>>> print(open('coords-v7.cif').read())   # mmCIF, C-alpha atoms
data_work
#
loop_
_atom_site.group_PDB
_atom_site.id
_atom_site.type_symbol
_atom_site.label_atom_id
_atom_site.label_comp_id
_atom_site.auth_asym_id
_atom_site.auth_seq_id
_atom_site.Cartn_x
_atom_site.Cartn_y
_atom_site.Cartn_z
ATOM 1 C CA LEU A 364 55.052 30.983 33.010
ATOM 2 C CA GLY A 365 58.094 32.752 34.394
ATOM 3 C CA GLY A 366 59.146 31.154 37.640
ATOM 4 C CA ALA A 367 57.030 28.044 37.127
ATOM 5 C CA GLY A 368 60.036 25.743 36.650
ATOM 6 C CA THR A 369 61.804 23.780 39.343
ATOM 7 C CA GLY A 370 64.623 26.318 39.393
ATOM 8 C CA GLY A 371 62.410 29.381 39.913
ATOM 9 C CA PRO A 372 62.749 32.570 37.828
ATOM 10 C CA GLY A 373 66.384 31.753 37.018
ATOM 11 C CA GLY A 374 65.672 28.375 35.451
ATOM 12 C CA ASP A 375 67.098 25.025 36.491
ATOM 13 C CA LEU A 376 69.692 24.605 33.712
ATOM 14 C CA ARG A 377 73.256 25.458 34.651
ATOM 15 C CA TRP A 378 76.514 25.135 32.779
ATOM 16 C CA ALA A 379 79.972 25.087 34.385
ATOM 17 C CA GLY A 380 79.108 27.492 37.183
ATOM 18 C CA LEU A 381 77.405 30.840 36.956
ATOM 19 C CA PRO A 382 78.798 33.425 34.511
ATOM 20 C CA PRO A 383 81.189 35.847 36.226
ATOM 21 C CA ARG A 384 80.119 39.400 36.853
ATOM 22 C CA ASN A 385 82.298 40.886 34.115
ATOM 23 C CA SER A 386 81.551 38.281 31.429
ATOM 24 C CA TRP A 387 79.633 40.649 29.167
ATOM 25 C CA ARG A 388 80.980 44.135 28.560
ATOM 26 C CA GLY A 389 79.109 45.082 25.408
ATOM 27 C CA PRO A 390 79.757 43.906 21.844
ATOM 28 C CA PRO A 391 83.235 42.492 21.120
ATOM 29 C CA ASN A 392 85.830 44.733 19.491
ATOM 30 C CA TRP A 393 86.816 42.504 16.579
ATOM 31 C CA PRO A 394 89.826 44.546 15.340
ATOM 32 C CA ASP A 395 91.357 44.459 18.829
ATOM 33 C CA ARG A 396 90.697 40.735 19.142
ATOM 34 C CA LEU A 397 92.306 40.097 15.752
ATOM 35 C CA ALA A 398 95.381 42.112 16.780
ATOM 36 C CA ALA A 399 95.632 40.222 20.100
ATOM 37 C CA GLY A 400 95.267 36.894 18.296
ATOM 38 C CA LEU A 401 97.997 37.769 15.808
ATOM 39 C CA ALA A 402 100.308 38.859 18.629
ATOM 40 C CA ARG A 403 99.735 35.573 20.490
ATOM 41 C CA ALA A 404 100.304 33.551 17.318
ATOM 42 C CA VAL A 405 103.603 35.290 16.575
ATOM 43 C CA GLY A 406 104.688 34.896 20.198
ATOM 44 C CA ALA A 407 103.853 31.175 20.113
ATOM 45 C CA ALA A 408 105.866 30.749 16.894
ATOM 46 C CA VAL A 409 108.864 32.473 18.502
ATOM 47 C CA ASP A 410 108.557 30.189 21.541
ATOM 48 C CA VAL A 411 108.586 27.110 19.315
ATOM 49 C CA ALA A 412 111.622 28.402 17.397
ATOM 50 C CA GLY A 413 113.426 29.122 20.662
ATOM 51 C CA GLY A 414 112.590 25.742 22.166
ATOM 52 C CA VAL A 415 110.353 27.071 24.950
ATOM 53 C CA THR A 416 107.427 24.920 23.768
ATOM 54 C CA GLY A 417 107.292 21.879 21.558
ATOM 55 C CA SER A 418 104.451 22.894 19.263
ATOM 56 C CA LEU A 419 102.076 25.733 18.480
ATOM 57 C CA THR A 420 99.239 23.884 20.201
ATOM 58 C CA GLU A 421 101.123 22.691 23.263
ATOM 59 C CA ASP A 422 99.040 23.112 26.396
ATOM 60 C CA GLY A 423 101.881 23.472 28.866
ATOM 61 C CA SER A 424 103.467 26.039 31.102
ATOM 62 C CA GLY A 425 104.645 28.035 28.099
ATOM 63 C CA ARG A 426 101.128 28.625 26.802
ATOM 64 C CA ARG A 427 100.659 32.327 26.109
ATOM 65 C CA THR A 428 97.293 32.972 27.754
ATOM 66 C CA PRO A 429 96.307 36.509 28.813
ATOM 67 C CA TRP A 430 96.954 35.662 32.466
ATOM 68 C CA ARG A 431 100.386 34.191 31.696
ATOM 69 C CA LEU A 432 101.294 37.271 29.671
ATOM 70 C CA ALA A 433 100.303 39.434 32.632
ATOM 71 C CA LEU A 434 102.477 37.344 34.974
ATOM 72 C CA ASN A 435 105.403 37.448 32.544
ATOM 73 C CA TRP A 436 105.099 41.237 32.366
ATOM 74 C CA PHE A 437 106.236 41.433 35.996
ATOM 75 C CA VAL A 438 109.232 39.206 35.263
ATOM 76 C CA SER A 439 110.349 41.318 32.311
ATOM 77 C CA SER A 440 109.174 44.833 33.164
ATOM 78 C CA TYR A 441 108.521 45.236 36.909
ATOM 79 C CA PRO A 442 111.592 44.324 38.991
ATOM 80 C CA LEU A 443 109.906 44.949 42.338
ATOM 81 C CA LEU A 444 107.711 41.877 41.919
ATOM 82 C CA GLY A 445 109.586 40.117 39.117
ATOM 83 C CA GLY A 446 111.407 37.722 41.428
ATOM 84 C CA LEU A 447 108.196 36.668 43.130
ATOM 85 C CA ALA A 448 106.381 36.304 39.812
ATOM 86 C CA ALA A 449 109.064 33.959 38.509
ATOM 87 C CA ALA A 450 108.850 31.772 41.616
ATOM 88 C CA PHE A 451 105.110 31.052 41.459
ATOM 89 C CA THR A 452 103.346 28.437 39.356
ATOM 90 C CA LEU A 453 100.289 29.810 37.571
ATOM 91 C CA VAL A 454 97.248 27.532 37.893
ATOM 92 C CA GLU A 455 94.734 28.672 35.305
ATOM 93 C CA ASP A 456 91.970 26.093 35.506
ATOM 94 C CA ALA A 457 88.283 27.008 35.152
ATOM 95 C CA GLU A 458 87.178 23.732 36.746
ATOM 96 C CA VAL A 459 89.325 24.268 39.843
ATOM 97 C CA SER A 460 87.986 27.818 40.123
ATOM 98 C CA ARG A 461 84.407 26.609 39.823
ATOM 99 C CA LEU A 462 84.700 23.779 42.331
ATOM 100 C CA LEU A 463 86.486 25.887 44.941
ATOM 101 C CA ASP A 464 84.648 29.189 44.370
ATOM 102 C CA VAL A 465 87.596 31.242 43.141
ATOM 103 C CA ALA A 466 85.834 34.201 41.542
ATOM 104 C CA VAL A 467 89.004 35.933 40.322
ATOM 105 C CA ALA A 468 92.189 34.798 42.051
ATOM 106 C CA ALA A 469 93.792 33.314 45.158
ATOM 107 C CA ILE A 470 97.327 32.455 46.222
ATOM 108 C CA SER A 471 99.027 29.793 48.310
ATOM 109 C CA PRO A 472 102.420 31.030 49.558
ATOM 110 C CA ALA A 473 103.105 27.626 51.114
ATOM 111 C CA ALA A 474 102.636 25.804 47.788
ATOM 112 C CA ALA A 475 104.031 28.671 45.626
ATOM 113 C CA GLU A 476 100.924 28.520 43.436
ATOM 114 C CA LEU A 477 98.853 31.394 42.043
ATOM 115 C CA TYR A 478 95.271 30.470 41.113
ATOM 116 C CA VAL A 479 93.332 32.528 38.578
ATOM 117 C CA ASN A 480 89.894 32.112 37.041
ATOM 118 C CA PRO A 481 90.247 32.332 33.243
ATOM 119 C CA LEU A 482 86.525 33.111 32.933
ATOM 120 C CA CYS A 483 86.470 36.256 35.077
ATOM 121 C CA GLY A 484 86.494 38.532 32.029
ATOM 122 C CA TYR A 485 89.112 41.013 33.228
ATOM 123 C CA ASP A 486 91.166 43.141 30.832
ATOM 124 C CA ASP A 487 94.978 43.395 30.742
ATOM 125 C CA GLY A 488 95.242 46.208 33.279
ATOM 126 C CA GLU A 489 92.968 44.454 35.765
ATOM 127 C CA ARG A 490 94.867 41.189 35.375
ATOM 128 C CA ARG A 491 98.136 42.937 36.251
ATOM 129 C CA PHE A 492 96.529 44.527 39.290
ATOM 130 C CA VAL A 493 95.190 41.162 40.482
ATOM 131 C CA ILE A 494 98.543 39.412 40.068
ATOM 132 C CA ALA A 495 100.402 42.202 41.869
ATOM 133 C CA HIS A 496 97.817 42.028 44.667
ATOM 134 C CA GLU A 497 98.292 38.295 45.176
ATOM 135 C CA LEU A 498 102.092 38.441 44.933
ATOM 136 C CA LEU A 499 102.215 41.103 47.645
ATOM 137 C CA HIS A 500 100.116 38.868 49.899
ATOM 138 C CA ALA A 501 102.794 36.200 49.547
ATOM 139 C CA GLY A 502 105.846 38.466 49.673
ATOM 140 C CA LEU A 503 104.681 40.252 52.822
ATOM 141 C CA ARG A 504 103.862 36.894 54.459
ATOM 142 C CA HIS A 505 100.283 37.782 55.226
ATOM 143 C CA ASP A 506 99.611 34.067 55.604
ATOM 144 C CA THR A 507 101.740 33.878 58.766
ATOM 145 C CA ARG A 508 101.649 37.442 60.097
ATOM 146 C CA GLY A 509 98.035 37.179 61.215
ATOM 147 C CA GLY A 510 98.956 35.278 64.355
ATOM 148 C CA GLY A 511 95.759 34.429 66.217
ATOM 149 C CA ARG A 512 93.640 36.972 64.392
ATOM 150 C CA ASP A 513 90.470 36.003 62.561
ATOM 151 C CA PRO A 514 91.644 34.859 59.083
ATOM 152 C CA TRP A 515 88.764 36.519 57.226
ATOM 153 C CA LEU A 516 89.089 39.913 58.922
ATOM 154 C CA TRP A 517 92.873 39.749 58.564
ATOM 155 C CA ASN A 518 92.515 39.022 54.835
ATOM 156 C CA VAL A 519 90.168 41.989 54.409
ATOM 157 C CA ALA A 520 92.539 44.289 56.302
ATOM 158 C CA CYS A 521 95.485 43.198 54.147
ATOM 159 C CA ASP A 522 93.403 43.737 50.995
ATOM 160 C CA TYR A 523 92.663 47.343 51.938
ATOM 161 C CA VAL A 524 96.342 48.067 52.554
ATOM 162 C CA ILE A 525 97.627 46.345 49.403
ATOM 163 C CA ASN A 526 95.041 47.914 47.120
ATOM 164 C CA GLY A 527 95.871 51.337 48.515
ATOM 165 C CA TRP A 528 99.544 50.836 47.692
ATOM 166 C CA LEU A 529 98.824 49.550 44.182
ATOM 167 C CA ALA A 530 96.588 52.556 43.532
ATOM 168 C CA GLU A 531 99.437 54.856 44.592
ATOM 169 C CA MET A 532 101.960 52.987 42.428
ATOM 170 C CA ASP A 533 99.541 52.918 39.476
ATOM 171 C CA VAL A 534 100.098 49.219 38.800
ATOM 172 C CA GLY A 535 97.402 48.058 36.400
ATOM 173 C CA ASP A 536 93.746 48.974 36.806
ATOM 174 C CA MET A 537 91.858 48.366 40.037
ATOM 175 C CA PRO A 538 88.765 46.174 39.489
ATOM 176 C CA ASP A 539 85.431 47.589 40.586
ATOM 177 C CA SER A 540 85.038 44.901 43.248
ATOM 178 C CA ALA A 541 88.415 45.522 44.935
ATOM 179 C CA LEU A 542 88.413 46.678 48.567
ATOM 180 C CA TYR A 543 89.695 50.241 48.704
ATOM 181 C CA ASP A 544 89.244 53.157 51.099
ATOM 182 C CA SER A 545 91.371 56.283 50.795
ATOM 183 C CA ALA A 546 90.734 57.039 54.478
ATOM 184 C CA LEU A 547 92.943 54.069 55.404
ATOM 185 C CA ARG A 548 95.966 55.431 53.558
ATOM 186 C CA GLY A 549 99.187 55.131 55.539
ATOM 187 C CA LYS A 550 97.863 52.530 57.998
ATOM 188 C CA SER A 551 99.354 49.090 58.471
ATOM 189 C CA ALA A 552 97.369 45.884 58.098
ATOM 190 C CA GLU A 553 97.396 45.476 61.878
ATOM 191 C CA GLU A 554 95.917 48.948 62.363
ATOM 192 C CA VAL A 555 93.233 48.355 59.749
ATOM 193 C CA TYR A 556 92.377 45.022 61.382
ATOM 194 C CA ASP A 557 91.760 46.746 64.710
ATOM 195 C CA LEU A 558 89.480 49.248 63.005
ATOM 196 C CA ILE A 559 87.315 46.774 61.116
ATOM 197 C CA ALA A 560 87.170 44.190 63.916
ATOM 198 C CA ALA A 561 84.873 46.519 65.840
ATOM 199 C CA GLY A 562 82.434 46.590 62.912
ATOM 200 C CA ARG A 563 82.416 42.856 62.236
ATOM 201 C CA ARG A 564 78.730 42.732 61.317
ATOM 202 C CA ARG A 565 79.377 44.857 58.241
ATOM 203 C CA THR A 566 82.330 42.861 56.962
ATOM 204 C CA TRP A 567 80.383 39.747 55.949
ATOM 205 C CA LYS A 568 79.178 41.624 52.864
ATOM 206 C CA LEU A 569 82.740 42.344 51.671
ATOM 207 C CA ALA A 570 84.468 40.266 49.020
ATOM 208 C CA THR A 571 88.126 39.475 48.406
ATOM 209 C CA LEU A 572 89.393 38.538 44.960
ATOM 210 C CA ARG A 573 88.386 34.964 45.717
ATOM 211 C CA GLY A 574 84.789 35.940 46.451
ATOM 212 C CA PRO A 575 82.372 37.043 49.216
ATOM 213 C CA GLY A 576 83.294 35.635 52.605
ATOM 214 C CA ALA A 577 86.275 33.694 51.215
ATOM 215 C CA CYS A 578 89.971 34.279 51.890
ATOM 216 C CA ASP A 579 92.293 34.650 48.904
ATOM 217 C CA ILE A 580 95.302 33.969 51.172
ATOM 218 C CA LEU A 581 95.352 30.180 51.278
ATOM 219 C CA PRO A 582 97.116 28.041 53.910
ATOM 220 C CA GLY A 583 98.002 25.354 51.375
ATOM 221 C CA ARG A 584 97.540 24.018 47.875
ATOM 222 C CA LEU A 585 94.059 23.985 46.347
ATOM 223 C CA ALA A 586 92.798 20.530 45.478
ATOM 224 C CA ARG A 587 92.423 19.582 41.825
ATOM 225 C CA PRO A 588 89.624 17.530 40.281
ATOM 226 C CA GLY A 589 90.559 13.902 40.735
ATOM 227 C CA ASP A 590 92.682 14.453 43.852
ATOM 228 C CA GLN A 591 92.104 12.134 46.763
ATOM 229 C CA ALA A 592 89.316 13.451 48.970
ATOM 230 C CA CYS A 593 90.341 15.190 52.183
ATOM 231 C CA GLY A 594 88.228 14.686 55.281
ATOM 232 C CA VAL A 595 87.265 17.000 58.117
ATOM 233 C CA ASP A 596 87.557 15.869 61.705
ATOM 234 C CA LEU A 597 84.540 16.026 64.018
ATOM 235 C CA ASP A 598 85.679 19.122 65.915
ATOM 236 C CA GLU A 599 86.253 21.065 62.713
ATOM 237 C CA PHE A 600 82.870 19.901 61.359
ATOM 238 C CA TYR A 601 81.015 21.218 64.400
ATOM 239 C CA ARG A 602 82.947 24.461 64.539
ATOM 240 C CA ARG A 603 82.345 25.103 60.840
ATOM 241 C CA GLY A 604 78.656 24.262 61.165
ATOM 242 C CA LEU A 605 78.118 26.744 63.997
ATOM 243 C CA ALA A 606 80.206 29.468 62.348
ATOM 244 C CA ASP A 607 78.350 29.161 59.042
ATOM 245 C CA GLY A 608 75.039 28.942 60.857
ATOM 246 C CA ILE A 609 75.494 32.177 62.762
ATOM 247 C CA ASP A 610 76.558 34.030 59.619
ATOM 248 C CA TYR A 611 73.506 32.823 57.706
ATOM 249 C CA HIS A 612 71.266 33.618 60.673
ATOM 250 C CA ARG A 613 72.452 37.195 60.819
ATOM 251 C CA GLY A 614 72.624 37.647 57.077
ATOM 252 C CA GLN A 615 68.989 36.631 56.620
ATOM 253 C CA GLY A 616 67.746 38.748 59.527
ATOM 254 C CA ARG A 617 66.421 35.791 61.521
ATOM 255 C CA GLY A 618 66.358 37.716 64.759
ATOM 256 C CA LEU A 619 68.587 38.495 67.719
ATOM 257 C CA LEU A 620 70.712 35.918 69.513
ATOM 258 C CA PRO A 621 71.853 35.884 73.149
ATOM 259 C CA ALA A 622 75.173 37.680 73.461
ATOM 260 C CA GLY A 623 76.617 34.830 75.521
ATOM 261 C CA LEU A 624 75.809 32.275 72.808
ATOM 262 C CA VAL A 625 77.400 34.450 70.140
ATOM 263 C CA GLU A 626 80.534 34.856 72.238
ATOM 264 C CA GLU A 627 80.755 31.091 72.804
ATOM 265 C CA ILE A 628 80.514 30.385 69.060
ATOM 266 C CA ARG A 629 83.078 33.043 68.221
ATOM 267 C CA ALA A 630 85.415 31.654 70.856
ATOM 268 C CA LEU A 631 85.261 28.252 69.135
ATOM 269 C CA THR A 632 86.100 29.671 65.716
ATOM 270 C CA GLU A 633 88.623 32.318 66.798
ATOM 271 C CA PRO A 634 91.537 31.092 68.918
ATOM 272 C CA PRO A 635 92.863 33.642 71.419
ATOM 273 C CA VAL A 636 95.447 36.065 70.093
ATOM 274 C CA PRO A 637 98.911 35.230 71.484
ATOM 275 C CA TRP A 638 100.060 37.685 74.105
ATOM 276 C CA ASP A 639 103.101 38.799 72.068
ATOM 277 C CA VAL A 640 100.846 39.833 69.168
#
>>> encode(input="coords-v7.cif", output="structure tokens")
Amino acid sequence: LGGAGTGGPGGDLRWAGLPPRNSWRGPPNWPDRLAAGLARAVGAAVDVAGGVTGSLTEDGSGRRTPWRLALNWFVSSYPLLGGLAAAFTLVEDAEVSRLLDVAVAAISPAAAELYVNPLCGYDDGERRFVIAHELLHAGLRHDTRGGGRDPWLWNVACDYVINGWLAEMDVGDMPDSALYDSALRGKSAEEVYDLIAAGRRRTWKLATLRGPGACDILPGRLARPGDQACGVDLDEFYRRGLADGIDYHRGQGRGLLPAGLVEEIRALTEPPVPWDV
């Protein structure tokens, strides 16, 4: 009877989003988990004694989660990014990540907020790599340097450059899904953008740390559950509908489209690059 249900072979029952790719990595190592739990408990007790938190169970900014420990490591042990790490608010909310499709992480330099998915299943080294990646996006002002370039292609280009640097500096452990190409070593984000812009059809399969086809460099603060709904004006609705439609059309192999129509749609979604860029 496999596949006979309303949800097909995968079933129609879903919990809070689909499990992340790295959720299951074999049987748990119980001695390591016990050691990590003891370390967190002692750290929480020290925080209470020092007045950082009010109680051992306080669910506030001082909570010693694995992601917060990774962020604090930069403040205490990595001066290059320590100042940036101290300036950003860590938003570690599984519901926000699920609603807004944040697979691993994203950052909003404008709001000074770093969003991480606590269910991504990364280890300590990968968490440090991810945080360093997002902080460099903010510190190098990738959110404003793109000018009139396509935001998605610009994000991908910046990812290649940042991940290459982090690999050279040996900061944490690069996740398997990170964008990395040793052939791009030594190139700037602008140079990489020019290279990948010519092969746009291949880039729709790539994924940032936020997920496939999504930018992890955010123009503003991510909405929280319960926030007042934000609307989309009519022009943006039509532009988004055509842009999504052409990507789905090509991705599913629905056939060729007139070159003039494709250019018109791209012109709507990609403003012209300013002459000084």
>>> residues_around(input="coords-v7.cif", residues="A:His505", least_positions_apart="2", cutoff="12 Å", atoms="all atoms listed in the file", output="number ranges by chain")
A: 470-473, 496-503, 507-510, 512, 514-522, 524-525, 551-553, 578-582
>>> atom_distance(input="coords-v7.cif", atom1="atom CA of A:Val493", atom2="atom CA of A:Ser545")
18.7 Å
>>> axis_aligned_box(input="coords-v7.cif", around="stretch 610-624 of chain A", padding_each_side="8 Å", output="JSON")
{"center_x": 71.5, "center_y": 35.5, "center_z": 66.1, "size_x": 26.3, "size_y": 22.5, "size_z": 34.9}
>>> closest_residue(input="coords-v7.cif", among="A:Arg396, A:Thr428, A:Ser440, A:Leu619", to="A:Glu455", atoms="all atoms listed in the file")
A:Thr428
>>> resolve_selection(input="coords-v7.cif", expression="the PyMOL selection byres ((chain A and resi 431) around 12)", output="short mmCIF file (atom, residue, chain, number, x, y, z; two decimals) with C-alpha atoms, in the coordinates of the input")
data_model
loop_
_atom_site.label_atom_id
_atom_site.label_comp_id
_atom_site.auth_asym_id
_atom_site.auth_seq_id
_atom_site.Cartn_x
_atom_site.Cartn_y
_atom_site.Cartn_z
CA ARG A 403 99.74 35.57 20.49
CA GLY A 423 101.88 23.47 28.87
CA SER A 424 103.47 26.04 31.10
CA GLY A 425 104.64 28.04 28.10
CA ARG A 426 101.13 28.62 26.80
CA ARG A 427 100.66 32.33 26.11
CA THR A 428 97.29 32.97 27.75
CA PRO A 429 96.31 36.51 28.81
CA TRP A 430 96.95 35.66 32.47
CA LEU A 432 101.29 37.27 29.67
CA ALA A 433 100.30 39.43 32.63
CA LEU A 434 102.48 37.34 34.97
CA ASN A 435 105.40 37.45 32.54
CA TRP A 436 105.10 41.24 32.37
CA PHE A 437 106.24 41.43 36.00
CA VAL A 438 109.23 39.21 35.26
CA ALA A 448 106.38 36.30 39.81
CA ALA A 449 109.06 33.96 38.51
CA PHE A 451 105.11 31.05 41.46
CA THR A 452 103.35 28.44 39.36
CA LEU A 453 100.29 29.81 37.57
CA VAL A 454 97.25 27.53 37.89
CA GLU A 455 94.73 28.67 35.30
CA LEU A 477 98.85 31.39 42.04
CA TYR A 478 95.27 30.47 41.11
CA VAL A 479 93.33 32.53 38.58
CA ASN A 480 89.89 32.11 37.04
CA PRO A 481 90.25 32.33 33.24
CA ASP A 487 94.98 43.40 30.74
CA ARG A 490 94.87 41.19 35.38
CA ARG A 491 98.14 42.94 36.25
CA ILE A 494 98.54 39.41 40.07
#
>>> resolve_selection(input="coords-v7.cif", expression="the PyMOL selection byres ((chain A and resi 544) around 10)", output="ChimeraX atom specification")
/A:523-524,526-527,541-543,545-548
>>> closest_residue(input="coords-v7.cif", among="A:Gly616, A:Gly574, A:Gly406, A:Gly608", to="A:Arg461", atoms="all atoms listed in the file")
A:Gly574
>>> atom_distance(input="coords-v7.cif", atom1="atom CA of A:Pro637", atom2="atom CA of A:Ala622")
23.9 Å
>>> residues_around(input="coords-v7.cif", residues="A:Ala586", least_positions_apart="6", cutoff="12 Å", atoms="only C-alpha atoms", output="list in words")
Val454, Asp456, Glu458, Val459, Ser460, Arg461, Leu462, Leu463, Asp464, Ser471, Ala474, Glu476, Tyr478, Ala592 and Cys593 of chain A
>>> closest_residue(input="coords-v7.cif", among="A:Leu624, A:Ala530, A:Met537, A:Ala606", to="A:Gly488", atoms="all atoms listed in the file")
A:Met537
>>> atom_distance(input="coords-v7.cif", atom1="atom CA of A:Ala495", atom2="atom CA of A:Gly535")
8.6 Å
>>> closest_residue(input="coords-v7.cif", among="A:Glu531, A:Glu554, A:Asp513, A:Asp536", to="A:Asp486", atoms="all atoms listed in the file")
A:Asp536
>>> decode(input="coords-v7.cif", residues="stretch 605-622 of chain A", atoms="N, CA and C atoms", output="PDB file, in the first residue's frame")
ATOM      1  N   LEU A 605       6.230  36.221 -11.948  1.00  0.00           N
ATOM      2  CA  LEU A 605       6.916  35.891 -13.199  1.00  0.00           C
ATOM      3  C   LEU A 605       8.300  35.299 -12.945  1.00  0.00           C
ATOM      4  N   ALA A 606       9.027  35.869 -11.984  1.00  0.00           N
ATOM      5  CA  ALA A 606      10.375  35.374 -11.694  1.00  0.00           C
ATOM      6  C   ALA A 606      10.329  33.939 -11.190  1.00  0.00           C
ATOM      7  N   ASP A 607       9.415  33.656 -10.255  1.00  0.00           N
ATOM      8  CA  ASP A 607       9.286  32.283  -9.762  1.00  0.00           C
ATOM      9  C   ASP A 607       8.818  31.352 -10.868  1.00  0.00           C
ATOM     10  N   GLY A 608       7.900  31.855 -11.697  1.00  0.00           N
ATOM     11  CA  GLY A 608       7.367  31.014 -12.764  1.00  0.00           C
ATOM     12  C   GLY A 608       8.427  30.580 -13.756  1.00  0.00           C
ATOM     13  N   ILE A 609       9.310  31.494 -14.139  1.00  0.00           N
ATOM     14  CA  ILE A 609      10.324  31.134 -15.119  1.00  0.00           C
ATOM     15  C   ILE A 609      11.348  30.172 -14.529  1.00  0.00           C
ATOM     16  N   ASP A 610      11.640  30.308 -13.238  1.00  0.00           N
ATOM     17  CA  ASP A 610      12.566  29.379 -12.601  1.00  0.00           C
ATOM     18  C   ASP A 610      11.969  27.983 -12.523  1.00  0.00           C
ATOM     19  N   TYR A 611      10.701  27.879 -12.147  1.00  0.00           N
ATOM     20  CA  TYR A 611      10.051  26.575 -12.105  1.00  0.00           C
ATOM     21  C   TYR A 611       9.946  25.969 -13.504  1.00  0.00           C
ATOM     22  N   HIS A 612       9.633  26.798 -14.482  1.00  0.00           N
ATOM     23  CA  HIS A 612       9.508  26.328 -15.860  1.00  0.00           C
ATOM     24  C   HIS A 612      10.806  25.684 -16.341  1.00  0.00           C
ATOM     25  N   ARG A 613      11.894  26.376 -16.097  1.00  0.00           N
ATOM     26  CA  ARG A 613      13.187  25.839 -16.525  1.00  0.00           C
ATOM     27  C   ARG A 613      13.612  24.649 -15.681  1.00  0.00           C
ATOM     28  N   GLY A 614      13.370  24.735 -14.382  1.00  0.00           N
ATOM     29  CA  GLY A 614      13.792  23.661 -13.505  1.00  0.00           C
ATOM     30  C   GLY A 614      13.097  22.346 -13.789  1.00  0.00           C
ATOM     31  N   GLN A 615      11.851  22.396 -14.256  1.00  0.00           N
ATOM     32  CA  GLN A 615      11.097  21.186 -14.544  1.00  0.00           C
ATOM     33  C   GLN A 615      11.175  20.784 -16.006  1.00  0.00           C
ATOM     34  N   GLY A 616      12.012  21.479 -16.787  1.00  0.00           N
ATOM     35  CA  GLY A 616      12.200  21.097 -18.185  1.00  0.00           C
ATOM     36  C   GLY A 616      10.934  21.205 -19.012  1.00  0.00           C
ATOM     37  N   ARG A 617      10.191  22.307 -18.840  1.00  0.00           N
ATOM     38  CA  ARG A 617       8.912  22.451 -19.539  1.00  0.00           C
ATOM     39  C   ARG A 617       9.049  22.933 -20.978  1.00  0.00           C
ATOM     40  N   GLY A 618      10.254  23.068 -21.449  1.00  0.00           N
ATOM     41  CA  GLY A 618      10.432  23.476 -22.831  1.00  0.00           C
ATOM     42  C   GLY A 618      11.098  24.835 -22.950  1.00  0.00           C
ATOM     43  N   LEU A 619      11.426  25.199 -24.183  1.00  0.00           N
ATOM     44  CA  LEU A 619      12.127  26.451 -24.446  1.00  0.00           C
ATOM     45  C   LEU A 619      11.157  27.626 -24.433  1.00  0.00           C
ATOM     46  N   LEU A 620      11.688  28.791 -24.115  1.00  0.00           N
ATOM     47  CA  LEU A 620      10.914  30.027 -24.111  1.00  0.00           C
ATOM     48  C   LEU A 620      11.556  31.026 -25.062  1.00  0.00           C
ATOM     49  N   PRO A 621      10.752  31.906 -25.662  1.00  0.00           N
ATOM     50  CA  PRO A 621      11.336  32.925 -26.549  1.00  0.00           C
ATOM     51  C   PRO A 621      12.352  33.782 -25.799  1.00  0.00           C
ATOM     52  N   ALA A 622      13.482  34.019 -26.439  1.00  0.00           N
ATOM     53  CA  ALA A 622      14.548  34.779 -25.782  1.00  0.00           C
ATOM     54  C   ALA A 622      14.073  36.170 -25.387  1.00  0.00           C
TER      55      ALA A 622
END
